[in-house]
$ cat final-v7.tsv   # TSV, N, CA, C and O atoms
chain	number	residue	atom	x	y	z
A	15	MET	N	-209.81	-190.07	-18.37
A	15	MET	CA	-210.99	-190.83	-18.76
A	15	MET	C	-211.99	-190.81	-17.61
A	15	MET	O	-211.68	-191.28	-16.53
A	16	SER	N	-213.14	-190.23	-17.88
A	16	SER	CA	-214.18	-190.15	-16.86
A	16	SER	C	-215.39	-190.95	-17.30
A	16	SER	O	-215.95	-190.69	-18.38
A	17	HIS	N	-215.78	-191.93	-16.50
A	17	HIS	CA	-216.97	-192.71	-16.80
A	17	HIS	C	-218.13	-191.75	-17.02
A	17	HIS	O	-218.33	-190.81	-16.25
A	18	THR	N	-218.89	-191.97	-18.11
A	18	THR	CA	-219.96	-191.06	-18.48
A	18	THR	C	-221.22	-191.85	-18.79
A	18	THR	O	-221.17	-192.85	-19.50
A	19	ILE	N	-222.34	-191.39	-18.25
A	19	ILE	CA	-223.64	-192.01	-18.49
A	19	ILE	C	-224.47	-191.03	-19.30
A	19	ILE	O	-224.65	-189.88	-18.90
A	20	MET	N	-224.97	-191.50	-20.46
A	20	MET	CA	-225.85	-190.68	-21.28
A	20	MET	C	-227.29	-191.07	-20.97
A	20	MET	O	-227.65	-192.24	-21.02
A	21	LEU	N	-228.08	-190.08	-20.64
A	21	LEU	CA	-229.51	-190.27	-20.41
A	21	LEU	C	-230.24	-189.64	-21.59
A	21	LEU	O	-230.02	-188.47	-21.90
A	22	ILE	N	-231.10	-190.42	-22.26
A	22	ILE	CA	-231.78	-189.91	-23.44
A	22	ILE	C	-233.26	-190.26	-23.40
A	22	ILE	O	-233.64	-191.35	-22.98
A	23	GLN	N	-234.08	-189.29	-23.80
A	23	GLN	CA	-235.51	-189.50	-23.95
A	23	GLN	C	-235.89	-188.90	-25.30
A	23	GLN	O	-236.07	-187.69	-25.42
A	24	PRO	N	-235.97	-189.75	-26.34
A	24	PRO	CA	-236.22	-189.21	-27.68
A	24	PRO	C	-237.60	-188.58	-27.85
A	24	PRO	O	-237.74	-187.56	-28.52
A	25	GLY	N	-238.61	-189.19	-27.25
A	25	GLY	CA	-239.98	-188.72	-27.45
A	25	GLY	C	-240.59	-188.15	-26.18
A	25	GLY	O	-239.96	-188.14	-25.12
A	26	PRO	N	-241.83	-187.68	-26.29
A	26	PRO	CA	-242.47	-187.04	-25.14
A	26	PRO	C	-242.85	-188.01	-24.01
A	26	PRO	O	-242.97	-187.61	-22.86
A	27	LYS	N	-242.99	-189.29	-24.32
A	27	LYS	CA	-243.41	-190.27	-23.32
A	27	LYS	C	-242.22	-190.77	-22.50
A	27	LYS	O	-241.16	-191.06	-23.04
A	28	ALA	N	-242.44	-190.89	-21.21
A	28	ALA	CA	-241.37	-191.34	-20.31
A	28	ALA	C	-240.88	-192.74	-20.67
A	28	ALA	O	-239.72	-193.08	-20.40
A	29	GLU	N	-241.72	-193.55	-21.31
A	29	GLU	CA	-241.33	-194.91	-21.68
A	29	GLU	C	-240.19	-194.94	-22.71
A	29	GLU	O	-239.58	-195.98	-22.93
A	30	THR	N	-239.93	-193.81	-23.36
A	30	THR	CA	-238.86	-193.77	-24.37
A	30	THR	C	-237.50	-193.51	-23.72
A	30	THR	O	-236.48	-193.50	-24.41
A	31	ARG	N	-237.45	-193.32	-22.42
A	31	ARG	CA	-236.18	-193.05	-21.72
A	31	ARG	C	-235.28	-194.27	-21.74
A	31	ARG	O	-235.73	-195.40	-21.57
A	32	THR	N	-233.99	-194.00	-21.90
A	32	THR	CA	-232.99	-195.06	-21.82
A	32	THR	C	-231.66	-194.44	-21.42
A	32	THR	O	-231.55	-193.22	-21.33
A	33	TYR	N	-230.69	-195.29	-21.16
A	33	TYR	CA	-229.37	-194.77	-20.82
A	33	TYR	C	-228.30	-195.68	-21.43
A	33	TYR	O	-228.57	-196.83	-21.77
A	34	SER	N	-227.12	-195.12	-21.60
A	34	SER	CA	-225.95	-195.88	-22.04
A	34	SER	C	-224.78	-195.38	-21.23
A	34	SER	O	-224.74	-194.21	-20.85
A	35	ASP	N	-223.83	-196.26	-20.96
A	35	ASP	CA	-222.65	-195.78	-20.25
A	35	ASP	C	-221.41	-196.00	-21.09
A	35	ASP	O	-221.34	-196.90	-21.92
A	36	TYR	N	-220.43	-195.13	-20.87
A	36	TYR	CA	-219.21	-195.07	-21.67
A	36	TYR	C	-218.01	-194.88	-20.75
A	36	TYR	O	-218.15	-194.34	-19.66
A	37	GLU	N	-216.85	-195.28	-21.25
A	37	GLU	CA	-215.62	-195.16	-20.46
A	37	GLU	C	-215.07	-193.73	-20.45
A	37	GLU	O	-214.26	-193.40	-19.60
A	38	SER	N	-215.52	-192.90	-21.40
A	38	SER	CA	-215.00	-191.54	-21.46
A	38	SER	C	-216.06	-190.59	-22.04
A	38	SER	O	-217.04	-191.05	-22.66
A	39	ILE	N	-215.82	-189.31	-21.87
A	39	ILE	CA	-216.71	-188.30	-22.43
A	39	ILE	C	-216.72	-188.40	-23.96
A	39	ILE	O	-217.78	-188.36	-24.58
A	40	ASN	N	-215.53	-188.55	-24.57
A	40	ASN	CA	-215.46	-188.63	-26.03
A	40	ASN	C	-216.23	-189.83	-26.57
A	40	ASN	O	-216.92	-189.71	-27.58
A	41	GLU	N	-216.13	-190.98	-25.90
A	41	GLU	CA	-216.90	-192.15	-26.32
A	41	GLU	C	-218.39	-191.85	-26.26
A	41	GLU	O	-219.15	-192.26	-27.14
A	42	CYS	N	-218.81	-191.15	-25.24
A	42	CYS	CA	-220.22	-190.79	-25.10
A	42	CYS	C	-220.65	-189.86	-26.23
A	42	CYS	O	-221.72	-190.03	-26.81
A	43	MET	N	-219.82	-188.88	-26.57
A	43	MET	CA	-220.16	-187.95	-27.65
A	43	MET	C	-220.24	-188.69	-28.99
A	43	MET	O	-221.12	-188.41	-29.81
A	44	GLU	N	-219.35	-189.67	-29.19
A	44	GLU	CA	-219.43	-190.49	-30.39
A	44	GLU	C	-220.72	-191.31	-30.38
A	44	GLU	O	-221.33	-191.53	-31.43
A	45	GLY	N	-221.16	-191.71	-29.19
A	45	GLY	CA	-222.43	-192.43	-29.06
A	45	GLY	C	-223.61	-191.57	-29.47
A	45	GLY	O	-224.54	-192.06	-30.12
A	46	VAL	N	-223.59	-190.30	-29.11
A	46	VAL	CA	-224.65	-189.38	-29.53
A	46	VAL	C	-224.67	-189.28	-31.06
A	46	VAL	O	-225.74	-189.34	-31.68
A	47	CYS	N	-223.50	-189.15	-31.66
A	47	CYS	CA	-223.41	-189.09	-33.13
A	47	CYS	C	-223.95	-190.36	-33.76
A	47	CYS	O	-224.68	-190.31	-34.76
A	48	LYS	N	-223.64	-191.51	-33.17
A	48	LYS	CA	-224.12	-192.79	-33.70
A	48	LYS	C	-225.65	-192.88	-33.62
A	48	LYS	O	-226.30	-193.42	-34.52
A	49	ILE	N	-226.23	-192.37	-32.55
A	49	ILE	CA	-227.69	-192.36	-32.43
A	49	ILE	C	-228.30	-191.55	-33.57
A	49	ILE	O	-229.29	-191.96	-34.19
A	50	TYR	N	-227.70	-190.40	-33.86
A	50	TYR	CA	-228.20	-189.57	-34.96
A	50	TYR	C	-228.01	-190.29	-36.30
A	50	TYR	O	-228.92	-190.28	-37.14
A	51	GLU	N	-226.88	-190.94	-36.49
A	51	GLU	CA	-226.64	-191.66	-37.73
A	51	GLU	C	-227.64	-192.79	-37.92
A	51	GLU	O	-228.12	-193.02	-39.03
A	52	GLU	N	-227.98	-193.49	-36.84
A	52	GLU	CA	-228.99	-194.55	-36.92
A	52	GLU	C	-230.35	-193.96	-37.27
A	52	GLU	O	-231.12	-194.54	-38.05
A	53	HIS	N	-230.66	-192.80	-36.70
A	53	HIS	CA	-231.90	-192.09	-37.02
A	53	HIS	C	-231.95	-191.77	-38.52
A	53	HIS	O	-232.97	-191.97	-39.17
A	54	LEU	N	-230.83	-191.27	-39.05
A	54	LEU	CA	-230.77	-190.94	-40.49
A	54	LEU	C	-230.91	-192.18	-41.35
A	54	LEU	O	-231.60	-192.15	-42.39
A	55	LYS	N	-230.32	-193.29	-40.94
A	55	LYS	CA	-230.42	-194.54	-41.71
A	55	LYS	C	-231.86	-195.03	-41.75
A	55	LYS	O	-232.31	-195.55	-42.78
A	56	LYS	N	-232.59	-194.87	-40.65
A	56	LYS	CA	-233.99	-195.28	-40.63
A	56	LYS	C	-234.82	-194.40	-41.56
A	56	LYS	O	-235.76	-194.87	-42.19
A	57	GLN	N	-234.49	-193.11	-41.61
A	57	GLN	CA	-235.22	-192.18	-42.47
A	57	GLN	C	-234.87	-192.37	-43.95
A	57	GLN	O	-235.67	-192.04	-44.82
A	58	ASN	N	-233.67	-192.84	-44.23
A	58	ASN	CA	-233.17	-192.99	-45.60
A	58	ASN	C	-232.62	-194.40	-45.82
A	58	ASN	O	-231.42	-194.57	-46.05
A	59	PRO	N	-233.49	-195.42	-45.77
A	59	PRO	CA	-232.99	-196.79	-45.82
A	59	PRO	C	-232.30	-197.18	-47.13
A	59	PRO	O	-231.50	-198.10	-47.15
A	60	ASN	N	-232.59	-196.48	-48.21
A	60	ASN	CA	-232.01	-196.84	-49.50
A	60	ASN	C	-230.80	-196.00	-49.87
A	60	ASN	O	-230.29	-196.11	-50.98
A	61	THR	N	-230.34	-195.16	-48.95
A	61	THR	CA	-229.17	-194.32	-49.21
A	61	THR	C	-227.93	-195.04	-48.69
A	61	THR	O	-227.83	-195.31	-47.49
A	62	PRO	N	-226.98	-195.38	-49.58
A	62	PRO	CA	-225.81	-196.15	-49.15
A	62	PRO	C	-224.86	-195.38	-48.23
A	62	PRO	O	-224.28	-195.95	-47.32
A	63	ALA	N	-224.70	-194.08	-48.47
A	63	ALA	CA	-223.80	-193.28	-47.63
A	63	ALA	C	-224.56	-192.07	-47.10
A	63	ALA	O	-225.15	-191.32	-47.86
A	64	ILE	N	-224.55	-191.93	-45.80
A	64	ILE	CA	-225.25	-190.83	-45.15
A	64	ILE	C	-224.24	-189.77	-44.77
A	64	ILE	O	-223.21	-190.07	-44.16
A	65	THR	N	-224.54	-188.53	-45.13
A	65	THR	CA	-223.70	-187.42	-44.70
A	65	THR	C	-224.57	-186.38	-44.02
A	65	THR	O	-225.77	-186.29	-44.29
A	66	TYR	N	-223.96	-185.62	-43.12
A	66	TYR	CA	-224.69	-184.56	-42.43
A	66	TYR	C	-223.68	-183.55	-41.93
A	66	TYR	O	-222.49	-183.81	-41.85
A	67	ASP	N	-224.20	-182.36	-41.60
A	67	ASP	CA	-223.30	-181.38	-41.01
A	67	ASP	C	-223.69	-181.17	-39.55
A	67	ASP	O	-224.73	-181.64	-39.09
A	68	ILE	N	-222.84	-180.47	-38.85
A	68	ILE	CA	-222.99	-180.35	-37.40
A	68	ILE	C	-224.29	-179.62	-37.03
A	68	ILE	O	-224.90	-179.94	-36.01
A	69	SER	N	-224.74	-178.70	-37.87
A	69	SER	CA	-225.99	-177.98	-37.54
A	69	SER	C	-227.18	-178.94	-37.57
A	69	SER	O	-228.11	-178.81	-36.76
A	70	GLN	N	-227.16	-179.92	-38.47
A	70	GLN	CA	-228.24	-180.91	-38.51
A	70	GLN	C	-228.20	-181.80	-37.26
A	70	GLN	O	-229.24	-182.13	-36.69
A	71	LEU	N	-227.01	-182.17	-36.85
A	71	LEU	CA	-226.85	-182.96	-35.62
A	71	LEU	C	-227.37	-182.17	-34.42
A	71	LEU	O	-228.10	-182.70	-33.59
A	72	PHE	N	-227.01	-180.89	-34.34
A	72	PHE	CA	-227.46	-180.06	-33.22
A	72	PHE	C	-228.98	-179.87	-33.24
A	72	PHE	O	-229.61	-179.84	-32.18
A	73	ASP	N	-229.58	-179.75	-34.42
A	73	ASP	CA	-231.05	-179.66	-34.51
A	73	ASP	C	-231.69	-180.93	-33.98
A	73	ASP	O	-232.71	-180.89	-33.28
A	74	PHE	N	-231.10	-182.08	-34.31
A	74	PHE	CA	-231.60	-183.36	-33.81
A	74	PHE	C	-231.52	-183.40	-32.29
A	74	PHE	O	-232.48	-183.79	-31.62
A	75	ILE	N	-230.40	-182.98	-31.74
A	75	ILE	CA	-230.22	-182.95	-30.28
A	75	ILE	C	-231.29	-182.05	-29.65
A	75	ILE	O	-231.91	-182.42	-28.65
A	76	ASP	N	-231.52	-180.89	-30.25
A	76	ASP	CA	-232.50	-179.94	-29.71
A	76	ASP	C	-233.91	-180.50	-29.73
A	76	ASP	O	-234.72	-180.17	-28.86
A	77	GLN	N	-234.24	-181.33	-30.72
A	77	GLN	CA	-235.61	-181.84	-30.80
A	77	GLN	C	-235.86	-183.05	-29.90
A	77	GLN	O	-237.00	-183.47	-29.73
A	78	LEU	N	-234.81	-183.61	-29.31
A	78	LEU	CA	-235.00	-184.70	-28.35
A	78	LEU	C	-235.71	-184.16	-27.11
A	78	LEU	O	-235.42	-183.04	-26.67
A	79	ALA	N	-236.62	-184.94	-26.56
A	79	ALA	CA	-237.31	-184.50	-25.36
A	79	ALA	C	-236.31	-184.24	-24.22
A	79	ALA	O	-236.46	-183.26	-23.48
A	80	ASP	N	-235.31	-185.10	-24.09
A	80	ASP	CA	-234.28	-184.88	-23.07
A	80	ASP	C	-233.00	-185.60	-23.48
A	80	ASP	O	-233.04	-186.69	-24.04
A	81	LEU	N	-231.90	-184.97	-23.20
A	81	LEU	CA	-230.58	-185.56	-23.39
A	81	LEU	C	-229.66	-184.91	-22.38
A	81	LEU	O	-229.57	-183.69	-22.31
A	82	SER	N	-229.02	-185.73	-21.57
A	82	SER	CA	-228.08	-185.21	-20.59
A	82	SER	C	-227.03	-186.28	-20.31
A	82	SER	O	-227.17	-187.43	-20.69
A	83	CYS	N	-225.95	-185.83	-19.67
A	83	CYS	CA	-224.87	-186.74	-19.32
A	83	CYS	C	-224.53	-186.58	-17.85
A	83	CYS	O	-224.61	-185.48	-17.29
A	84	LEU	N	-224.16	-187.68	-17.25
A	84	LEU	CA	-223.62	-187.70	-15.90
A	84	LEU	C	-222.16	-188.12	-16.01
A	84	LEU	O	-221.87	-189.20	-16.54
A	85	VAL	N	-221.27	-187.26	-15.57
A	85	VAL	CA	-219.84	-187.51	-15.71
A	85	VAL	C	-219.22	-187.71	-14.33
A	85	VAL	O	-219.40	-186.88	-13.43
A	86	TYR	N	-218.50	-188.81	-14.18
A	86	TYR	CA	-217.88	-189.15	-12.90
A	86	TYR	C	-216.79	-188.14	-12.54
A	86	TYR	O	-215.94	-187.79	-13.36
A	87	GLN	N	-216.85	-187.67	-11.31
A	87	GLN	CA	-215.88	-186.72	-10.76
A	87	GLN	C	-215.05	-187.47	-9.73
A	87	GLN	O	-215.54	-187.77	-8.63
A	88	LYS	N	-213.82	-187.79	-10.09
A	88	LYS	CA	-212.98	-188.61	-9.22
A	88	LYS	C	-212.75	-187.97	-7.86
A	88	LYS	O	-212.77	-188.64	-6.83
A	89	GLY	N	-212.53	-186.64	-7.84
A	89	GLY	CA	-212.22	-185.95	-6.59
A	89	GLY	C	-213.30	-186.05	-5.53
A	89	GLY	O	-213.01	-186.12	-4.33
A	90	THR	N	-214.56	-186.07	-5.97
A	90	THR	CA	-215.68	-186.11	-5.01
A	90	THR	C	-216.39	-187.46	-5.01
A	90	THR	O	-217.32	-187.67	-4.23
A	91	ASN	N	-215.97	-188.37	-5.92
A	91	ASN	CA	-216.60	-189.68	-6.03
A	91	ASN	C	-218.10	-189.56	-6.30
A	91	ASN	O	-218.91	-190.30	-5.74
A	92	THR	N	-218.46	-188.58	-7.17
A	92	THR	CA	-219.86	-188.35	-7.53
A	92	THR	C	-219.97	-188.18	-9.04
A	92	THR	O	-218.97	-188.10	-9.75
A	93	TYR	N	-221.20	-188.10	-9.53
A	93	TYR	CA	-221.47	-187.82	-10.94
A	93	TYR	C	-222.05	-186.41	-11.05
A	93	TYR	O	-222.98	-186.06	-10.33
A	94	ALA	N	-221.51	-185.64	-11.99
A	94	ALA	CA	-222.00	-184.28	-12.23
A	94	ALA	C	-222.87	-184.29	-13.49
A	94	ALA	O	-222.50	-184.88	-14.49
A	95	PRO	N	-224.04	-183.61	-13.42
A	95	PRO	CA	-224.94	-183.58	-14.58
A	95	PRO	C	-224.56	-182.47	-15.57
A	95	PRO	O	-224.10	-181.40	-15.17
A	96	TYR	N	-224.77	-182.77	-16.86
A	96	TYR	CA	-224.51	-181.79	-17.92
A	96	TYR	C	-225.66	-181.84	-18.93
A	96	TYR	O	-226.20	-182.90	-19.22
A	97	ASN	N	-226.00	-180.66	-19.47
A	97	ASN	CA	-227.17	-180.54	-20.34
A	97	ASN	C	-226.81	-180.59	-21.83
A	97	ASN	O	-225.67	-180.81	-22.21
A	98	LYS	N	-227.83	-180.35	-22.67
A	98	LYS	CA	-227.66	-180.41	-24.12
A	98	LYS	C	-226.61	-179.42	-24.63
A	98	LYS	O	-225.85	-179.75	-25.54
A	99	ASP	N	-226.57	-178.22	-24.08
A	99	ASP	CA	-225.59	-177.23	-24.55
A	99	ASP	C	-224.16	-177.71	-24.31
A	99	ASP	O	-223.29	-177.56	-25.16
A	100	TRP	N	-223.92	-178.30	-23.16
A	100	TRP	CA	-222.60	-178.85	-22.84
A	100	TRP	C	-222.27	-179.98	-23.80
A	100	TRP	O	-221.14	-180.07	-24.30
A	101	ILE	N	-223.25	-180.85	-24.07
A	101	ILE	CA	-223.05	-181.97	-24.98
A	101	ILE	C	-222.69	-181.46	-26.38
A	101	ILE	O	-221.75	-181.95	-27.01
A	102	LYS	N	-223.41	-180.44	-26.85
A	102	LYS	CA	-223.13	-179.88	-28.18
A	102	LYS	C	-221.73	-179.28	-28.23
A	102	LYS	O	-221.01	-179.45	-29.22
A	103	GLU	N	-221.31	-178.63	-27.16
A	103	GLU	CA	-219.96	-178.06	-27.12
A	103	GLU	C	-218.91	-179.17	-27.20
A	103	GLU	O	-217.92	-179.06	-27.94
A	104	LYS	N	-219.11	-180.24	-26.45
A	104	LYS	CA	-218.15	-181.35	-26.45
A	104	LYS	C	-218.13	-182.05	-27.81
A	104	LYS	O	-217.06	-182.46	-28.28
A	105	ILE	N	-219.28	-182.20	-28.45
A	105	ILE	CA	-219.33	-182.81	-29.79
A	105	ILE	C	-218.59	-181.92	-30.78
A	105	ILE	O	-217.83	-182.41	-31.61
A	106	TYR	N	-218.81	-180.62	-30.69
A	106	TYR	CA	-218.13	-179.68	-31.59
A	106	TYR	C	-216.61	-179.82	-31.48
A	106	TYR	O	-215.91	-179.93	-32.48
A	107	ILE	N	-216.11	-179.87	-30.24
A	107	ILE	CA	-214.67	-180.01	-30.01
A	107	ILE	C	-214.18	-181.34	-30.57
A	107	ILE	O	-213.15	-181.41	-31.25
A	108	LEU	N	-214.92	-182.42	-30.31
A	108	LEU	CA	-214.54	-183.75	-30.79
A	108	LEU	C	-214.47	-183.79	-32.31
A	108	LEU	O	-213.49	-184.25	-32.89
A	109	LEU	N	-215.52	-183.29	-32.99
A	109	LEU	CA	-215.55	-183.34	-34.44
A	109	LEU	C	-214.50	-182.42	-35.06
A	109	LEU	O	-213.92	-182.74	-36.10
A	110	ARG	N	-214.24	-181.30	-34.44
A	110	ARG	CA	-213.21	-180.39	-34.93
A	110	ARG	C	-211.83	-181.07	-34.86
A	110	ARG	O	-211.05	-181.00	-35.79
A	111	ARG	N	-211.58	-181.77	-33.76
A	111	ARG	CA	-210.32	-182.51	-33.62
A	111	ARG	C	-210.21	-183.59	-34.68
A	111	ARG	O	-209.15	-183.78	-35.28
A	112	GLN	N	-211.29	-184.33	-34.90
A	112	GLN	CA	-211.28	-185.40	-35.91
A	112	GLN	C	-211.05	-184.84	-37.30
A	112	GLN	O	-210.33	-185.44	-38.11
A	113	ALA	N	-211.64	-183.68	-37.59
A	113	ALA	CA	-211.48	-183.06	-38.91
A	113	ALA	C	-210.05	-182.59	-39.14
A	113	ALA	O	-209.57	-182.56	-40.28
A	114	ASN	N	-209.34	-182.25	-38.07
A	114	ASN	CA	-207.98	-181.74	-38.18
A	114	ASN	C	-206.91	-182.82	-38.12
A	114	ASN	O	-205.73	-182.53	-38.28
A	115	MET	N	-207.33	-184.07	-37.90
A	115	MET	CA	-206.35	-185.16	-37.80
A	115	MET	C	-205.91	-185.58	-39.19
A	115	MET	O	-206.74	-185.72	-40.10
A	116	PRO	N	-204.62	-185.81	-39.38
A	116	PRO	CA	-204.14	-186.30	-40.68
A	116	PRO	C	-204.57	-187.75	-40.88
A	116	PRO	O	-204.68	-188.52	-39.93
A	117	ASN	N	-204.80	-188.11	-42.12
A	117	ASN	CA	-205.24	-189.49	-42.43
A	117	ASN	C	-204.11	-190.47	-42.35
A	117	ASN	O	-203.03	-190.32	-42.64

$ encode --input "final-v7.tsv" --output "structure tokens"
Amino acid sequence: MSHTIMLIQPGPKAETRTYSDYESINECMEGVCKIYEEHLKKQNPNTPAITYDISQLFDFIDQLADLSCLVYQKGTNTYAPYNKDWIKEKIYILLRRQANMPN
């Protein structure tokens, strides 16, 4: 479990910047998914169940002005930065694992 800080800037203005911190990389990736789900709920307020596929999630990530993660590295006692491509890879792995889990 590596403490992870998500830095996000949805729009072009610096005032839209915010951050969230998580106890693990997986929690952070779930947080990215939740941000997208909230975005979909705002766009479709009268839809009771929202569904999407991973390509739509990745398009959303790509259209964000900035999204990156800082992941704690225990060995050096520092945070290492990771970009959108790394985040998409980690989300892909997380969702693939969830899809393969028995109910």

$ atom_distance --input "final-v7.tsv" --atom1 "atom CA of Pro116 of chain A" --atom2 "atom CA of Ala63 of chain A"
22.0 Å

$ select_by_dssp --input "final-v7.tsv" --residues "chain A" --states "strand (DSSP E or B)" --output "JSON, numbers by chain"
{"A": [18, 19, 20, 21, 22, 23, 32, 33, 34, 35, 36, 80, 81, 82, 83, 84, 85, 86, 87, 92, 93, 94, 95, 96]}

$ atom_distance --input "final-v7.tsv" --atom1 "atom O of Arg110 of chain A" --atom2 "atom N of Pro59 of chain A"
28.5 Å

$ closest_residue --input "final-v7.tsv" --among "A:Tyr50, A:Trp100, A:Ile19, A:Thr92" --to "Asp67 of chain A" --atoms "only C-alpha atoms"
A:Tyr50

$ residues_around --input "final-v7.tsv" --residues "Gln77 of chain A" --least-positions-apart "6" --cutoff "8 Å" --atoms "all atoms listed in the file" --output "list in words"
Gln23, Pro24, Gly25, Pro26, Gln70 and Leu71 of chain A

$ residues_around --input "final-v7.tsv" --residues "His17 of chain A" --least-positions-apart "2" --cutoff "10 Å" --atoms "only C-alpha atoms" --output "JSON list (two decimals) with N, CA, C and O atoms, in the frame of the given file"
[["chain", "number", "residue", "atom", "x", "y", "z"],
["A", 15, "MET", "N", -209.81, -190.07, -18.37],
["A", 15, "MET", "CA", -210.99, -190.83, -18.76],
["A", 15, "MET", "C", -211.99, -190.81, -17.61],
["A", 15, "MET", "O", -211.68, -191.28, -16.53],
["A", 19, "ILE", "N", -222.34, -191.39, -18.25],
["A", 19, "ILE", "CA", -223.64, -192.01, -18.49],
["A", 19, "ILE", "C", -224.47, -191.03, -19.30],
["A", 19, "ILE", "O", -224.65, -189.88, -18.90],
["A", 35, "ASP", "N", -223.83, -196.26, -20.96],
["A", 35, "ASP", "CA", -222.65, -195.78, -20.25],
["A", 35, "ASP", "C", -221.41, -196.00, -21.09],
["A", 35, "ASP", "O", -221.34, -196.90, -21.92],
["A", 36, "TYR", "N", -220.43, -195.13, -20.87],
["A", 36, "TYR", "CA", -219.21, -195.07, -21.67],
["A", 36, "TYR", "C", -218.01, -194.88, -20.75],
["A", 36, "TYR", "O", -218.15, -194.34, -19.66],
["A", 37, "GLU", "N", -216.85, -195.28, -21.25],
["A", 37, "GLU", "CA", -215.62, -195.16, -20.46],
["A", 37, "GLU", "C", -215.07, -193.73, -20.45],
["A", 37, "GLU", "O", -214.26, -193.40, -19.60],
["A", 38, "SER", "N", -215.52, -192.90, -21.40],
["A", 38, "SER", "CA", -215.00, -191.54, -21.46],
["A", 38, "SER", "C", -216.06, -190.59, -22.04],
["A", 38, "SER", "O", -217.04, -191.05, -22.66],
["A", 39, "ILE", "N", -215.82, -189.31, -21.87],
["A", 39, "ILE", "CA", -216.71, -188.30, -22.43],
["A", 39, "ILE", "C", -216.72, -188.40, -23.96],
["A", 39, "ILE", "O", -217.78, -188.36, -24.58],
["A", 41, "GLU", "N", -216.13, -190.98, -25.90],
["A", 41, "GLU", "CA", -216.90, -192.15, -26.32],
["A", 41, "GLU", "C", -218.39, -191.85, -26.26],
["A", 41, "GLU", "O", -219.15, -192.26, -27.14],
["A", 42, "CYS", "N", -218.81, -191.15, -25.24],
["A", 42, "CYS", "CA", -220.22, -190.79, -25.10],
["A", 42, "CYS", "C", -220.65, -189.86, -26.23],
["A", 42, "CYS", "O", -221.72, -190.03, -26.81],
["A", 84, "LEU", "N", -224.16, -187.68, -17.25],
["A", 84, "LEU", "CA", -223.62, -187.70, -15.90],
["A", 84, "LEU", "C", -222.16, -188.12, -16.01],
["A", 84, "LEU", "O", -221.87, -189.20, -16.54],
["A", 85, "VAL", "N", -221.27, -187.26, -15.57],
["A", 85, "VAL", "CA", -219.84, -187.51, -15.71],
["A", 85, "VAL", "C", -219.22, -187.71, -14.33],
["A", 85, "VAL", "O", -219.40, -186.88, -13.43],
["A", 86, "TYR", "N", -218.50, -188.81, -14.18],
["A", 86, "TYR", "CA", -217.88, -189.15, -12.90],
["A", 86, "TYR", "C", -216.79, -188.14, -12.54],
["A", 86, "TYR", "O", -215.94, -187.79, -13.36],
["A", 87, "GLN", "N", -216.85, -187.67, -11.31],
["A", 87, "GLN", "CA", -215.88, -186.72, -10.76],
["A", 87, "GLN", "C", -215.05, -187.47, -9.73],
["A", 87, "GLN", "O", -215.54, -187.77, -8.63],
["A", 88, "LYS", "N", -213.82, -187.79, -10.09],
["A", 88, "LYS", "CA", -212.98, -188.61, -9.22],
["A", 88, "LYS", "C", -212.75, -187.97, -7.86],
["A", 88, "LYS", "O", -212.77, -188.64, -6.83],
["A", 93, "TYR", "N", -221.20, -188.10, -9.53],
["A", 93, "TYR", "CA", -221.47, -187.82, -10.94],
["A", 93, "TYR", "C", -222.05, -186.41, -11.05],
["A", 93, "TYR", "O", -222.98, -186.06, -10.33]]

$ closest_residue --input "final-v7.tsv" --among "A:Ser82, A:Asn60, A:Asn40, A:Thr65" --to "Tyr96 of chain A" --atoms "all atoms listed in the file"
A:Ser82

$ closest_residue --input "final-v7.tsv" --among "A:Tyr33, A:Ile105, A:Ala28, A:Ser16" --to "Phe72 of chain A" --atoms "only C-alpha atoms"
A:Ile105

$ atom_distance --input "final-v7.tsv" --atom1 "atom C of Ala94 of chain A" --atom2 "atom N of Asp76 of chain A"
19.2 Å

$ axis_aligned_box --input "final-v7.tsv" --around "segment 78-85 of chain A" --padding-each-side "6 Å" --output "lines of an AutoDock Vina configuration file"
center_x = -228.3
center_y = -186.1
center_z = -21.4
size_x = 30.1
size_y = 18.2
size_z = 27.9

$ closest_residue --input "final-v7.tsv" --among "A:Thr32, A:Asn114, A:Ser69, A:Thr18" --to "Cys83 of chain A" --atoms "all atoms listed in the file"
A:Thr18

$ closest_residue --input "final-v7.tsv" --among "A:Asp73, A:Glu44, A:Glu29, A:Glu52" --to "Leu109 of chain A" --atoms "only C-alpha atoms"
A:Glu44

$ select_by_dssp --input "final-v7.tsv" --residues "segment 20-117 of chain A" --states "alpha helix (DSSP H)" --output "count of residues only"
46

$ closest_residue --input "final-v7.tsv" --among "A:Lys27, A:Lys56, A:Arg111, A:Lys102" --to "Phe74 of chain A" --atoms "only C-alpha atoms"
A:Lys102
